[in-house]
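Data file: input_6.txt. Format and content: compact mmCIF, C-alpha atoms.
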# COMPACT_ATOMS: atom_id res chain seq x y z
CA MET A 68 -26.06 42.41 18.29
CA PRO A 69 -23.36 40.46 20.13
CA SER A 70 -21.43 42.35 22.74
CA LEU A 71 -17.81 43.29 22.28
CA LYS A 72 -16.70 40.59 24.67
CA ASP A 73 -18.62 37.95 22.73
CA LEU A 74 -16.96 39.06 19.52
CA ARG A 75 -13.53 39.00 21.11
CA ASN A 76 -14.12 35.46 22.35
CA ARG A 77 -15.37 34.34 18.99
CA ILE A 78 -12.33 35.74 17.20
CA ALA A 79 -10.01 34.05 19.71
CA SER A 80 -11.69 30.68 19.19
CA VAL A 81 -11.51 30.92 15.39
CA LYS A 82 -7.85 31.85 15.71
CA ALA A 83 -7.23 28.76 17.83
CA THR A 84 -8.97 26.59 15.24
CA GLN A 85 -6.92 28.16 12.50
CA LYS A 86 -3.75 27.31 14.37
CA ILE A 87 -4.82 23.68 14.60
CA THR A 88 -5.77 23.38 10.94
CA LYS A 89 -2.54 25.09 9.95
CA ALA A 90 -0.53 22.63 12.03
CA MET A 91 -2.47 19.69 10.58
CA GLN A 92 -1.78 20.94 7.09
CA MET A 93 1.93 21.11 7.77
CA VAL A 94 1.99 17.67 9.37
CA ALA A 95 0.08 16.28 6.39
CA ALA A 96 2.57 17.89 4.02
CA ALA A 97 5.47 16.24 5.81
CA LYS A 98 3.71 12.89 5.94
CA LEU A 99 2.71 13.19 2.32
CA ARG A 100 6.32 13.46 1.27
CA ARG A 101 7.13 10.26 3.14
CA ALA A 102 4.08 8.42 1.85
CA GLN A 103 4.78 9.53 -1.67
CA SER A 104 8.37 8.33 -1.60
CA ALA A 105 7.23 5.01 -0.13
CA ALA A 106 4.72 4.64 -2.95
CA GLU A 107 7.37 5.49 -5.49
CA ALA A 108 9.87 3.05 -3.99
CA ALA A 109 7.32 0.26 -4.23
CA ARG A 110 6.41 0.99 -7.82
CA PRO A 111 9.32 -0.83 -9.54
CA TYR A 112 8.46 -4.11 -7.85
CA ALA A 113 4.83 -3.95 -8.90
CA GLU A 114 5.81 -3.01 -12.44
CA ARG A 115 8.36 -5.82 -12.77
CA MET A 116 5.83 -8.20 -11.31
CA GLU A 117 3.37 -7.24 -14.01
CA VAL A 118 5.95 -7.73 -16.73
CA VAL A 119 7.00 -11.13 -15.38
CA LEU A 120 3.40 -12.26 -15.03
CA GLY A 121 2.61 -10.95 -18.48
CA ASN A 122 5.51 -12.92 -19.93
CA LEU A 123 4.39 -15.99 -18.10
CA ALA A 124 0.71 -15.69 -18.89
CA SER A 125 1.27 -15.10 -22.59
CA GLY A 126 3.10 -18.42 -22.76
CA ILE A 127 0.25 -20.52 -21.40
CA THR A 128 -3.23 -21.18 -22.64
CA VAL A 129 -6.14 -21.11 -20.23
CA GLY A 130 -7.16 -24.68 -19.58
CA PRO A 131 -8.61 -26.74 -16.76
CA GLU A 132 -5.24 -26.96 -15.00
CA THR A 133 -4.68 -23.20 -15.03
CA PRO A 134 -4.61 -21.82 -11.47
CA ARG A 135 -8.00 -20.56 -10.48
CA LEU A 136 -6.58 -17.22 -9.39
CA LEU A 137 -5.90 -16.53 -13.06
CA ALA A 138 -8.75 -18.35 -14.77
CA GLY A 139 -11.46 -17.67 -12.19
CA THR A 140 -13.94 -20.10 -10.72
CA GLY A 141 -16.15 -20.05 -13.77
CA SER A 142 -18.96 -18.15 -12.12
CA ASP A 143 -19.42 -14.66 -10.75
CA ARG A 144 -22.09 -15.21 -8.18
CA VAL A 145 -20.30 -14.11 -5.03
CA HIS A 146 -18.37 -10.87 -5.03
CA LEU A 147 -15.84 -9.81 -2.45
CA LEU A 148 -15.14 -6.12 -2.07
CA ILE A 149 -12.02 -5.02 -0.26
CA VAL A 150 -12.56 -1.41 0.69
CA CYS A 151 -9.43 0.44 1.77
CA THR A 152 -9.93 3.75 3.51
CA ALA A 153 -8.12 5.85 6.08
CA GLU A 154 -8.08 5.38 9.82
CA ARG A 155 -8.66 9.04 10.51
CA GLY A 156 -11.05 11.66 9.31
CA LEU A 157 -10.58 15.35 8.60
CA CYS A 158 -9.32 14.69 5.13
CA GLY A 159 -12.02 16.19 2.95
CA ALA A 160 -14.04 13.84 0.77
CA PHE A 161 -11.33 11.17 0.76
CA ASN A 162 -13.10 8.49 2.80
CA SER A 163 -16.60 9.27 1.63
CA SER A 164 -15.69 9.14 -2.06
CA ILE A 165 -14.18 5.67 -1.71
CA ALA A 166 -17.17 4.57 0.33
CA ARG A 167 -19.54 6.02 -2.22
CA LEU A 168 -17.85 4.12 -5.04
CA ALA A 169 -18.05 0.91 -3.02
CA ARG A 170 -21.68 1.56 -2.14
CA GLU A 171 -22.68 2.15 -5.75
CA HIS A 172 -20.85 -1.01 -6.74
CA THR A 173 -22.55 -3.00 -3.99
CA ASN A 174 -26.00 -1.69 -4.85
CA ARG A 175 -25.51 -2.54 -8.49
CA LEU A 176 -24.31 -6.06 -7.71
CA MET A 177 -27.15 -6.66 -5.26
CA ALA A 178 -29.66 -5.41 -7.83
CA GLU A 179 -28.27 -8.04 -10.19
CA GLY A 180 -28.96 -10.65 -7.55
CA LYS A 181 -25.33 -11.34 -6.66
CA THR A 182 -24.07 -12.01 -3.18
CA VAL A 183 -21.75 -9.37 -1.83
CA LYS A 184 -19.17 -9.71 0.91
CA ILE A 185 -17.14 -6.80 2.16
CA ILE A 186 -13.79 -6.59 3.90
CA CYS A 187 -13.11 -3.16 5.32
CA VAL A 188 -9.54 -1.99 5.73
CA GLY A 189 -9.50 1.20 7.75
CA LYS A 190 -11.90 2.39 10.37
CA LYS A 191 -13.54 5.24 8.51
CA GLY A 192 -14.79 3.14 5.63
CA TYR A 193 -16.10 0.61 8.12
CA ASP A 194 -17.99 3.32 10.00
CA ILE A 195 -19.60 4.59 6.82
CA LEU A 196 -20.47 1.22 5.26
CA ARG A 197 -21.57 -0.45 8.50
CA ARG A 198 -24.76 1.58 8.57
CA GLN A 199 -26.01 0.30 5.24
CA PHE A 200 -24.22 -3.00 4.74
CA GLY A 201 -23.72 -4.28 8.27
CA GLN A 202 -24.64 -7.79 7.18
CA GLN A 203 -22.34 -7.90 4.20
CA ILE A 204 -19.23 -6.89 6.10
CA ILE A 205 -17.40 -10.05 7.02
CA GLU A 206 -14.16 -8.60 8.27
CA PHE A 207 -12.69 -5.37 9.48
CA VAL A 208 -8.94 -4.87 9.36
CA ASP A 209 -7.66 -2.24 11.72
CA LEU A 210 -4.37 -0.62 10.78
CA ARG A 211 -4.53 2.14 13.36
CA SER A 212 -1.52 0.87 15.27
CA VAL A 213 0.60 0.75 12.12
CA ARG A 214 2.75 3.81 11.63
CA GLN A 215 4.30 3.01 8.29
CA ILE A 216 2.50 0.52 6.09
CA GLY A 217 4.80 -2.38 5.33
CA PHE A 218 4.61 -5.42 3.15
CA GLU A 219 3.55 -7.53 6.15
CA GLN A 220 0.21 -5.75 6.49
CA ALA A 221 -0.54 -6.24 2.81
CA ASP A 222 0.49 -9.86 3.14
CA MET A 223 -1.82 -10.35 6.10
CA ILE A 224 -4.80 -9.04 4.15
CA ALA A 225 -3.83 -11.07 1.08
CA GLN A 226 -3.61 -14.25 3.17
CA LYS A 227 -7.13 -13.63 4.45
CA VAL A 228 -8.41 -13.11 0.92
CA LEU A 229 -6.59 -16.20 -0.35
CA GLY A 230 -7.95 -18.28 2.52
CA LEU A 231 -11.48 -17.22 1.65
CA PHE A 232 -10.87 -17.93 -2.02
CA GLU A 233 -9.58 -21.41 -1.33
CA GLN A 234 -12.65 -22.17 0.73
CA GLY A 235 -14.75 -21.10 -2.24
CA GLU A 236 -16.22 -18.14 -0.36
CA PHE A 237 -16.20 -15.85 -3.36
CA ASP A 238 -15.69 -15.82 -7.12
CA VAL A 239 -14.60 -12.28 -7.89
CA ALA A 240 -12.65 -9.88 -5.72
CA THR A 241 -12.45 -6.16 -6.28
CA LEU A 242 -10.17 -3.76 -4.49
CA PHE A 243 -11.32 -0.21 -3.71
CA TYR A 244 -8.80 2.48 -3.02
CA SER A 245 -7.88 5.98 -3.99
CA ARG A 246 -5.26 6.44 -6.62
CA PHE A 247 -2.85 9.27 -5.98
CA ARG A 248 -2.70 11.61 -8.94
CA SER A 249 -1.63 14.84 -7.24
CA VAL A 250 -2.18 16.73 -4.01
CA ILE A 251 -5.50 18.03 -5.28
CA ALA A 252 -6.59 15.01 -7.29
CA GLN A 253 -7.17 11.59 -5.80
CA ILE A 254 -9.16 9.19 -7.90
CA PRO A 255 -11.28 6.55 -6.18
CA THR A 256 -10.60 3.36 -8.07
CA ALA A 257 -12.09 -0.11 -8.27
CA GLN A 258 -9.65 -2.76 -9.39
CA GLN A 259 -10.46 -6.40 -9.95
CA ILE A 260 -7.78 -8.59 -8.41
CA VAL A 261 -9.32 -12.06 -8.54
CA PRO A 262 -9.32 -13.47 -11.19
CA ALA A 263 -6.10 -11.63 -11.96
CA GLN A 264 -6.23 -9.27 -14.87
CA ILE A 265 -2.96 -9.51 -16.67
CA GLU A 266 -1.94 -7.79 -19.82
CA THR A 267 -0.22 -10.34 -21.96
CA THR A 268 2.69 -9.00 -23.88
CA ALA A 269 2.94 -10.38 -27.36
CA ALA A 270 6.43 -9.06 -28.03
CA SER A 271 8.24 -11.25 -25.53
CA SER A 272 6.60 -14.50 -26.51
CA ASP A 273 9.16 -15.23 -29.23
CA ALA A 274 11.82 -15.92 -26.58
CA VAL A 275 11.74 -19.48 -25.34
CA TYR A 276 11.90 -19.55 -21.59
CA ASP A 277 13.33 -22.20 -19.35
CA TYR A 278 11.34 -22.68 -16.20
CA GLU A 279 12.64 -23.86 -12.89
CA PRO A 280 10.90 -25.76 -11.31
CA ASP A 281 8.16 -25.59 -13.97
CA GLU A 282 5.77 -23.11 -15.45
CA GLY A 283 2.69 -24.14 -13.55
CA GLU A 284 4.44 -24.19 -10.22
CA ILE A 285 5.96 -20.76 -10.73
CA LEU A 286 2.61 -19.38 -11.81
CA ALA A 287 0.96 -20.96 -8.80
CA THR A 288 3.33 -19.16 -6.42
CA LEU A 289 3.51 -15.97 -8.41
CA LEU A 290 -0.23 -15.36 -8.53
CA PRO A 291 -0.77 -15.13 -4.74
CA ARG A 292 2.25 -12.86 -4.54
CA ASN A 293 0.76 -10.68 -7.20
CA LEU A 294 -2.33 -10.34 -5.05
CA THR A 295 -0.22 -9.18 -2.12
CA VAL A 296 1.65 -6.74 -4.32
CA GLN A 297 -1.57 -5.26 -5.66
CA ILE A 298 -2.94 -4.82 -2.16
CA PHE A 299 0.35 -3.36 -0.98
CA ARG A 300 0.30 -0.89 -3.83
CA ALA A 301 -3.28 0.06 -3.06
CA LEU A 302 -2.45 0.66 0.60
CA LEU A 303 0.51 2.85 -0.26
CA GLU A 304 -1.42 4.82 -2.86
CA ASN A 305 -4.16 5.24 -0.30
CA ALA A 306 -1.74 6.50 2.33
CA ALA A 307 -0.37 9.10 -0.06
CA SER A 308 -3.87 10.08 -1.19
CA GLU A 309 -5.07 10.44 2.37
CA GLN A 310 -2.30 12.86 3.26
CA GLY A 311 -2.81 14.76 0.03
CA ALA A 312 -6.54 15.06 0.67
CA ARG A 313 -5.94 16.11 4.25
CA MET A 314 -3.43 18.70 3.18
CA SER A 315 -5.79 20.39 0.74
CA ALA A 316 -8.75 20.09 3.12
CA MET A 317 -6.77 21.72 5.90
CA ASP A 318 -5.47 24.38 3.56
CA ASN A 319 -9.07 25.27 2.73
CA ALA A 320 -10.02 25.25 6.39
CA THR A 321 -7.14 27.57 7.25
CA ARG A 322 -8.17 29.95 4.53
CA ASN A 323 -11.81 29.91 5.62
CA ALA A 324 -10.78 30.59 9.20
CA GLY A 325 -8.68 33.53 7.99
CA GLU A 326 -11.67 35.00 6.18
CA MET A 327 -13.88 34.53 9.18
CA ILE A 328 -11.37 36.28 11.42
CA LYS A 329 -11.17 39.17 9.01
CA LYS A 330 -14.93 39.55 8.88
CA GLN A 331 -15.38 39.32 12.61
CA THR A 332 -12.54 41.76 13.32
CA MET A 333 -14.29 44.20 11.01
CA THR A 334 -17.57 43.82 12.91
CA TYR A 335 -15.72 44.10 16.19
CA ASN A 336 -14.02 47.36 15.16
CA ARG A 337 -17.24 48.81 13.78
CA SER A 338 -19.20 48.18 16.92
CA ARG A 339 -16.35 49.47 19.06
CA GLN A 340 -16.29 52.68 17.04
CA ALA A 341 -20.05 52.98 17.23
CA MET A 342 -19.84 52.62 20.98
CA ILE A 343 -17.18 55.35 21.28
CA THR A 344 -19.17 57.66 19.05
CA LYS A 345 -22.27 57.03 21.11
CA GLU A 346 -20.44 57.80 24.33
CA LEU A 347 -18.99 61.01 22.87
CA ILE A 348 -22.41 62.16 21.74
CA GLU A 349 -23.72 61.50 25.22
CA ILE A 350 -20.94 63.55 26.83
CA ILE A 351 -21.24 66.42 24.35
CA SER A 352 -24.99 66.62 24.55
CA GLY A 353 -24.72 66.46 28.32
CA ALA A 354 -22.23 69.38 28.28
CA GLU A 355 -24.44 71.39 25.94
CA ALA A 356 -27.44 70.96 28.18
CA LEU A 357 -25.62 72.62 31.06
CA MET B 218 34.32 -9.50 -19.20
CA ALA B 219 30.90 -8.94 -20.68
CA THR B 220 28.40 -7.35 -18.36
CA PHE B 221 24.64 -7.42 -18.26
CA SER B 222 22.03 -5.32 -16.51
CA PHE B 223 20.78 -6.55 -13.18
CA GLU B 224 18.01 -5.31 -10.94
CA LEU B 225 17.24 -6.48 -7.45
CA VAL B 226 13.91 -5.22 -6.19
CA SER B 227 12.07 -5.96 -2.98
CA PRO B 228 8.51 -4.78 -2.37
CA GLU B 229 9.74 -1.79 -0.39
CA ARG B 230 12.63 -0.56 -2.50
CA VAL B 231 15.11 -1.12 -5.31
CA LEU B 232 18.25 -2.59 -3.74
CA PHE B 233 20.46 -2.78 -6.75
CA SER B 234 20.30 -1.56 -10.30
CA GLY B 235 23.18 -1.53 -12.72
CA ASP B 236 25.58 -3.53 -14.87
CA VAL B 237 27.28 -6.55 -13.32
CA ASP B 238 29.60 -9.35 -14.34
CA ALA B 239 27.91 -12.23 -12.59
CA VAL B 240 25.16 -12.97 -10.12
CA VAL B 241 24.82 -16.14 -8.07
CA LEU B 242 21.18 -16.96 -7.38
CA PRO B 243 19.89 -19.25 -4.65
CA ALA B 244 17.39 -20.98 -6.95
CA THR B 245 15.03 -23.61 -5.59
CA GLU B 246 16.68 -26.30 -7.69
CA GLY B 247 20.16 -25.33 -6.53
CA ASP B 248 22.42 -22.32 -6.74
CA MET B 249 23.05 -21.00 -10.19
CA THR B 250 25.35 -18.35 -11.61
CA VAL B 251 24.05 -16.01 -14.23
CA LEU B 252 26.52 -14.54 -16.70
CA ALA B 253 25.96 -12.29 -19.69
CA GLY B 254 24.10 -14.01 -22.52
CA HIS B 255 22.30 -16.52 -20.30
CA ALA B 256 19.37 -18.34 -21.88
CA PRO B 257 15.96 -16.88 -20.96
CA THR B 258 15.01 -18.53 -17.70
CA MET B 259 12.53 -18.00 -14.97
CA THR B 260 13.20 -19.52 -11.61
CA ALA B 261 11.86 -19.42 -8.08
CA LEU B 262 14.26 -18.53 -5.29
CA LYS B 263 14.68 -20.03 -1.85
CA THR B 264 16.22 -18.45 1.22
CA GLY B 265 19.91 -17.83 0.77
CA PHE B 266 22.64 -15.45 -0.24
CA LEU B 267 22.58 -13.80 -3.60
CA VAL B 268 26.08 -12.74 -4.66
CA ILE B 269 26.53 -9.80 -6.98
CA THR B 270 29.91 -9.49 -8.70
CA ASN B 271 30.59 -6.30 -10.55
CA THR B 272 34.36 -6.26 -10.21
CA PRO B 273 36.26 -9.53 -10.51
CA GLY B 274 36.95 -11.19 -7.19
CA ASN B 275 34.65 -8.87 -5.28
CA GLY B 276 31.14 -9.88 -4.38
CA ARG B 277 28.32 -8.15 -2.56
CA ARG B 278 26.13 -10.53 -0.64
CA VAL B 279 22.43 -10.01 -0.15
CA LEU B 280 20.26 -12.32 1.88
CA VAL B 281 17.02 -13.01 0.03
CA ARG B 282 14.01 -14.85 1.36
CA GLY B 283 12.10 -16.32 -1.53
CA GLY B 284 11.09 -14.64 -4.73
CA PHE B 285 11.68 -14.95 -8.44
CA ALA B 286 14.37 -14.34 -10.97
CA ASP B 287 13.58 -13.51 -14.54
CA ILE B 288 16.42 -13.79 -17.02
CA ASN B 289 15.75 -12.51 -20.49
CA GLN B 290 17.60 -10.79 -23.31
CA ASN B 291 17.38 -7.47 -21.44
CA GLY B 292 19.15 -8.81 -18.38
CA LEU B 293 18.27 -10.22 -15.01
CA THR B 294 15.49 -9.08 -12.74
CA VAL B 295 15.15 -10.49 -9.24
CA LEU B 296 11.90 -9.95 -7.39
CA ALA B 297 12.76 -10.82 -3.82
CA GLU B 298 10.06 -11.25 -1.23
CA ARG B 299 12.46 -9.92 1.33
CA ALA B 300 16.04 -8.82 0.74
CA MET B 301 18.67 -7.60 3.18
CA PRO B 302 22.23 -6.66 2.20
CA ALA B 303 24.78 -8.59 4.24
CA GLU B 304 26.27 -5.41 5.68
CA GLU B 305 22.89 -4.42 7.13
CA LEU B 306 22.32 -7.79 8.73
CA THR B 307 22.59 -8.12 12.47
CA GLN B 308 22.15 -11.00 14.81
CA GLU B 309 18.78 -9.69 15.98
CA ILE B 310 17.41 -9.52 12.45
CA LEU B 311 18.52 -13.06 11.72
CA ASP B 312 17.16 -14.36 15.01
CA HIS B 313 13.88 -12.65 14.26
CA GLU B 314 13.78 -14.23 10.79
CA ILE B 315 14.53 -17.66 12.22
CA LEU B 316 11.79 -17.21 14.78
CA GLN B 317 9.33 -16.25 12.06
CA ALA B 318 10.30 -19.24 9.95
CA GLU B 319 9.84 -21.49 12.97
CA MET B 320 6.45 -19.97 13.60
CA ALA B 321 5.51 -20.60 9.96
CA TRP B 322 6.66 -24.20 10.46
CA ASP B 323 4.46 -24.53 13.52
CA ALA B 324 1.47 -22.91 11.87
CA THR B 325 1.24 -25.17 8.84
CA SER B 326 0.33 -28.80 8.53
CA ASP B 327 0.86 -29.05 4.80
CA PRO B 328 3.93 -31.28 4.25
CA ALA B 329 5.27 -29.22 1.34
CA ALA B 330 4.99 -25.98 3.29
CA LYS B 331 6.57 -27.64 6.33
CA HIS B 332 9.44 -28.81 4.20
CA ALA B 333 9.94 -25.32 2.75
CA ALA B 334 9.90 -23.76 6.21
CA GLU B 335 12.37 -26.34 7.45
CA ALA B 336 14.73 -25.57 4.58
CA ALA B 337 14.39 -21.85 5.26
CA ILE B 338 15.31 -22.35 8.92
CA ALA B 339 18.35 -24.40 7.96
CA GLN B 340 19.46 -21.79 5.46
CA LEU B 341 19.01 -18.95 7.90
CA ARG B 342 21.10 -20.83 10.47
CA GLU B 343 23.70 -21.35 7.78
CA ALA B 344 23.64 -17.64 6.97
CA LYS B 345 24.14 -16.88 10.62
CA ALA B 346 27.13 -19.19 10.76
CA ALA B 347 28.54 -17.74 7.54
CA LEU B 348 28.50 -14.27 9.04
CA ASN B 349 30.12 -15.48 12.27
CA MET B 350 27.26 -14.51 14.49
Could you quickly redo this structure as C-alpha cells?
Amino acid sequence: MPSLKDLRNRIASVKATQKITKAMQMVAAAKLRRAQSAAEAARPYAERMEVVLGNLASGITVGPETPRLLAGTGSDRVHLLIVCTAERGLCGAFNSSIARLAREHTNRLMAEGKTVKIICVGKKGYDILRRQFGQQIIEFVDLRSVRQIGFEQADMIAQKVLGLFEQGEFDVATLFYSRFRSVIAQIPTAQQIVPAQIETTAASSDAVYDYEPDEGEILATLLPRNLTVQIFRALLENAASEQGARMSAMDNATRNAGEMIKKQTMTYNRSRQAMITKELIEIISGAEAL
Amino acid sequence: MATFSFELVSPERVLFSGDVDAVVLPATEGDMTVLAGHAPTMTALKTGFLVITNTPGNGRRVLVRGGFADINQNGLTVLAERAMPAEELTQEILDHEILQAEMAWDATSDPAAKHAAEAAIAQLREAKAALNM
C-alpha cells in the first residue's frame, strides 16, 4: 500500500502530464486549421493540373516518342518508394501506419524479386524503416527546419526524383503519405507517380487544340511539374493528417489522464479516511482502557 | 464587351477567379491577348507580367514565373509556377527572384536551360524597371 505522500506525488505528476497533453492538443488544433486551409488552397492547382494533363494526354497516342514519365521505361524492375512521414512523434499511429504500408509494399516487391529503393521524407519514417531496410534507403530528406511546407520543398524532392529517373535509377515510383479525411480518419495511401497515371477525359477530345510551342514540348514540361504538384499535395495532406492524428491522440491522452487522476484521488481519500478512523479507534480504545 | 471566365492559380493559392474582358499572357512564343471566344489553345508561359482587364482601360498586373495557360470553351485557366500581384511586389522580392534566376543560370550547363534562365533574368530586370524600382 503506497503511503499518502506517494499518492499525492503520483496525482501531481499525472496532473502535470495532463496539462502537457491538453496544451499539445490545443496547439495541434490550431495548427490543424492552418494546415487544412493550406491543403485546401493548394487543391485547385492540382485539380486543374489533372484536367489539363488529361486533355493533353487524351489527344496523343503512346508511342516511342512519348515522354518516359508518361509511358514508363518499359520495365518494372526497380521500384522507388517515397515515404512521407512526420518529423515529430506523439501523434498516435500516424507514422507507424504509413511505415507499415511502406514495409508491406517493400516486402511484397522484394518477394517478387524486384529491387527496391527508398527515399524517406521526415525523420520518424526514417527511424522506423532504417531498422529493417537500412540498405534500401538511398536518401533522407529532413524537413524539420521548415515551418510551413512550401512549393520549394516539394520541388526539391521532385528534382531529386527526376534526377534519379533520368539516370535510369528506377522504373516505377510510388509515393506514400496519409490522406486527410477528417480529424479522426487519416488514410495511409500509396500513389504511383512515375509513370504518371492520368485519367484521360473523352469529353474534351472533340475540341481541337492549338499548342504553343507544340504538344510534345508542353507535355515534356508539364509532366515534371505534375510530379512536383503531386508531391506537394502529398506533403500538405500529410501535414494536415499529422496534426489531426496528434489532436485525437492527445485528446485520448488527456482523457486517460483525467480517469487516472480520478481513480488515484479516490484511493488517496479512502486511505486517508482509513488512517483517520484507525487513529480514532486507537484514541477511543486508549481512553476506554483507563 | 463579352466576358469570359478566368482563373489564375498558383500552387499555393487561387489568385484570381471571375469574369474578365481580356487577359494578356506572357506566352513563350510572344505575348498574346485572350478575348472571349478564343480558339482552344494551350501554351507555356515565360516570366513576365500577366495583365487582367475586367473594366475597360483598367488592368491588374500579376508577375508570373513560368507555367501554362489552357484556353478552352469554358474559359481560360492559368497554372502559374509562381505568381505575385504587382501591388505585392517589392524590390527585395524582385532582387531575390533575380538572384535565384542567376543561380539557376550558374547551376546548369544545358544550353536550352541557360537560355531560359537568361531570358528570365532579363524579364525580371525589365519588370523591376517597369515598376520604377
message: From the options A:Gln234, A:Asn319, A:Asn293, A:Gln92, which residue's atoms come nearest to chain B, counting all atoms listed in the file?
response: A:Asn293
- prompt: Excluding same-chain residues fewer than 4 positions from Pro228 in chain B, what lies within 10 Å of it counting all atoms listed in the file, as a PyMOL selection string?
  reply: (chain A and resi 108-113+116+217-218+295-296+299-300) or (chain B and resi 296-300)
Within 12 Å of chain B: each chain A residue with its shortest pair, only C-alpha atoms, as a tab-separated table:
residue	atom	partner	partner_atom	distance
A:Ala102	CA	B:Glu229	CA	11.9
A:Ser104	CA	B:Arg230	CA	9.9
A:Ala105	CA	B:Glu229	CA	7.3
A:Ala106	CA	B:Glu229	CA	8.5
A:Glu107	CA	B:Arg230	CA	8.6
A:Ala108	CA	B:Arg230	CA	4.8
A:Ala109	CA	B:Glu229	CA	5.0
A:Arg110	CA	B:Pro228	CA	8.2
A:Pro111	CA	B:Val231	CA	7.2
A:Tyr112	CA	B:Pro228	CA	5.5
A:Ala113	CA	B:Pro228	CA	7.5
A:Glu114	CA	B:Val226	CA	10.5
A:Arg115	CA	B:Leu296	CA	7.7
A:Met116	CA	B:Leu296	CA	7.4
A:Glu117	CA	B:Leu296	CA	11.1
A:Val118	CA	B:Asp287	CA	9.8
A:Val119	CA	B:Asp287	CA	7.0
A:Leu120	CA	B:Asp287	CA	10.3
A:Gly121	CA	B:Asp287	CA	11.9
A:Asn122	CA	B:Asp287	CA	9.7
A:Leu123	CA	B:Met259	CA	8.9
A:Gln215	CA	B:Glu229	CA	11.3
A:Ile216	CA	B:Glu229	CA	10.0
A:Gly217	CA	B:Glu229	CA	7.6
A:Phe218	CA	B:Pro228	CA	6.8
A:Glu219	CA	B:Pro228	CA	10.2
A:Ala221	CA	B:Pro228	CA	10.5
A:Asp222	CA	B:Glu298	CA	10.6
A:Ser271	CA	B:Asn289	CA	9.1
A:Ser272	CA	B:Asn289	CA	11.1
A:Asp273	CA	B:Pro257	CA	10.8
A:Ala274	CA	B:Pro257	CA	7.0
A:Val275	CA	B:Pro257	CA	6.6
A:Tyr276	CA	B:Pro257	CA	4.9
A:Asp277	CA	B:Thr258	CA	4.4
A:Tyr278	CA	B:Met259	CA	5.0
A:Glu279	CA	B:Thr260	CA	4.6
A:Pro280	CA	B:Thr260	CA	6.7
A:Asp281	CA	B:Thr260	CA	8.2
A:Glu282	CA	B:Met259	CA	8.5
A:Gly283	CA	B:Thr260	CA	11.6
A:Glu284	CA	B:Ala261	CA	9.1
A:Ile285	CA	B:Ala261	CA	6.6
A:Leu286	CA	B:Ala261	CA	10.0
A:Ala287	CA	B:Ala261	CA	11.0
A:Thr288	CA	B:Ala261	CA	8.7
A:Leu289	CA	B:Phe285	CA	8.2
A:Leu290	CA	B:Phe285	CA	11.9
A:Pro291	CA	B:Gly284	CA	11.9
A:Arg292	CA	B:Glu298	CA	8.6
A:Asn293	CA	B:Pro228	CA	10.9
A:Thr295	CA	B:Pro228	CA	9.8
A:Val296	CA	B:Pro228	CA	7.4
A:Gln297	CA	B:Pro228	CA	10.6
A:Ile298	CA	B:Pro228	CA	11.5
A:Phe299	CA	B:Pro228	CA	8.4
A:Arg300	CA	B:Pro228	CA	9.2
A:Leu303	CA	B:Glu229	CA	10.3
field: Expected residue set, 6 Å radius at (-14.4, -7.3, 4.6), only C-alpha atoms, as an MDAnalysis selection string
entry: chainID A and resid 149 185:187 204:207
task: Could you check how far CA of Lys86 in chain A sits from CA of Ala324 in chain A, in Å to one decimal?
output: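 So the answer is 9.3 Å.
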Please reconstruct the missing atoms of range 244-255 of chain B (target: N, CA and C atoms) and return them as a JSON list (two decimals), in the coordinates of the input.
[["chain", "number", "residue", "atom", "x", "y", "z"],
["B", 244, "ALA", "N", 18.61, -20.47, -6.33],
["B", 244, "ALA", "CA", 17.39, -20.98, -6.95],
["B", 244, "ALA", "C", 16.90, -22.21, -6.20],
["B", 245, "THR", "N", 15.62, -22.49, -6.34],
["B", 245, "THR", "CA", 15.03, -23.61, -5.59],
["B", 245, "THR", "C", 15.65, -24.95, -5.98],
["B", 246, "GLU", "N", 16.10, -25.03, -7.23],
["B", 246, "GLU", "CA", 16.68, -26.30, -7.69],
["B", 246, "GLU", "C", 18.19, -26.35, -7.49],
["B", 247, "GLY", "N", 18.72, -25.39, -6.74],
["B", 247, "GLY", "CA", 20.16, -25.33, -6.53],
["B", 247, "GLY", "C", 20.70, -23.99, -6.95],
["B", 248, "ASP", "N", 21.85, -23.61, -6.39],
["B", 248, "ASP", "CA", 22.42, -22.32, -6.74],
["B", 248, "ASP", "C", 22.80, -22.28, -8.21],
["B", 249, "MET", "N", 22.63, -21.14, -8.81],
["B", 249, "MET", "CA", 23.05, -21.00, -10.19],
["B", 249, "MET", "C", 23.71, -19.64, -10.41],
["B", 250, "THR", "N", 24.67, -19.62, -11.30],
["B", 250, "THR", "CA", 25.35, -18.35, -11.61],
["B", 250, "THR", "C", 24.86, -17.86, -12.95],
["B", 251, "VAL", "N", 24.51, -16.60, -12.99],
["B", 251, "VAL", "CA", 24.05, -16.01, -14.23],
["B", 251, "VAL", "C", 25.17, -15.13, -14.78],
["B", 252, "LEU", "N", 25.54, -15.38, -16.01],
["B", 252, "LEU", "CA", 26.52, -14.54, -16.70],
["B", 252, "LEU", "C", 25.83, -13.88, -17.88],
["B", 253, "ALA", "N", 26.54, -12.96, -18.53],
["B", 253, "ALA", "CA", 25.96, -12.29, -19.69],
["B", 253, "ALA", "C", 25.61, -13.33, -20.76],
["B", 254, "GLY", "N", 24.49, -13.12, -21.45],
["B", 254, "GLY", "CA", 24.10, -14.01, -22.52],
["B", 254, "GLY", "C", 23.47, -15.31, -22.04],
["B", 255, "HIS", "N", 22.97, -15.33, -20.83],
["B", 255, "HIS", "CA", 22.30, -16.52, -20.30],
["B", 255, "HIS", "C", 21.00, -16.75, -21.05]]
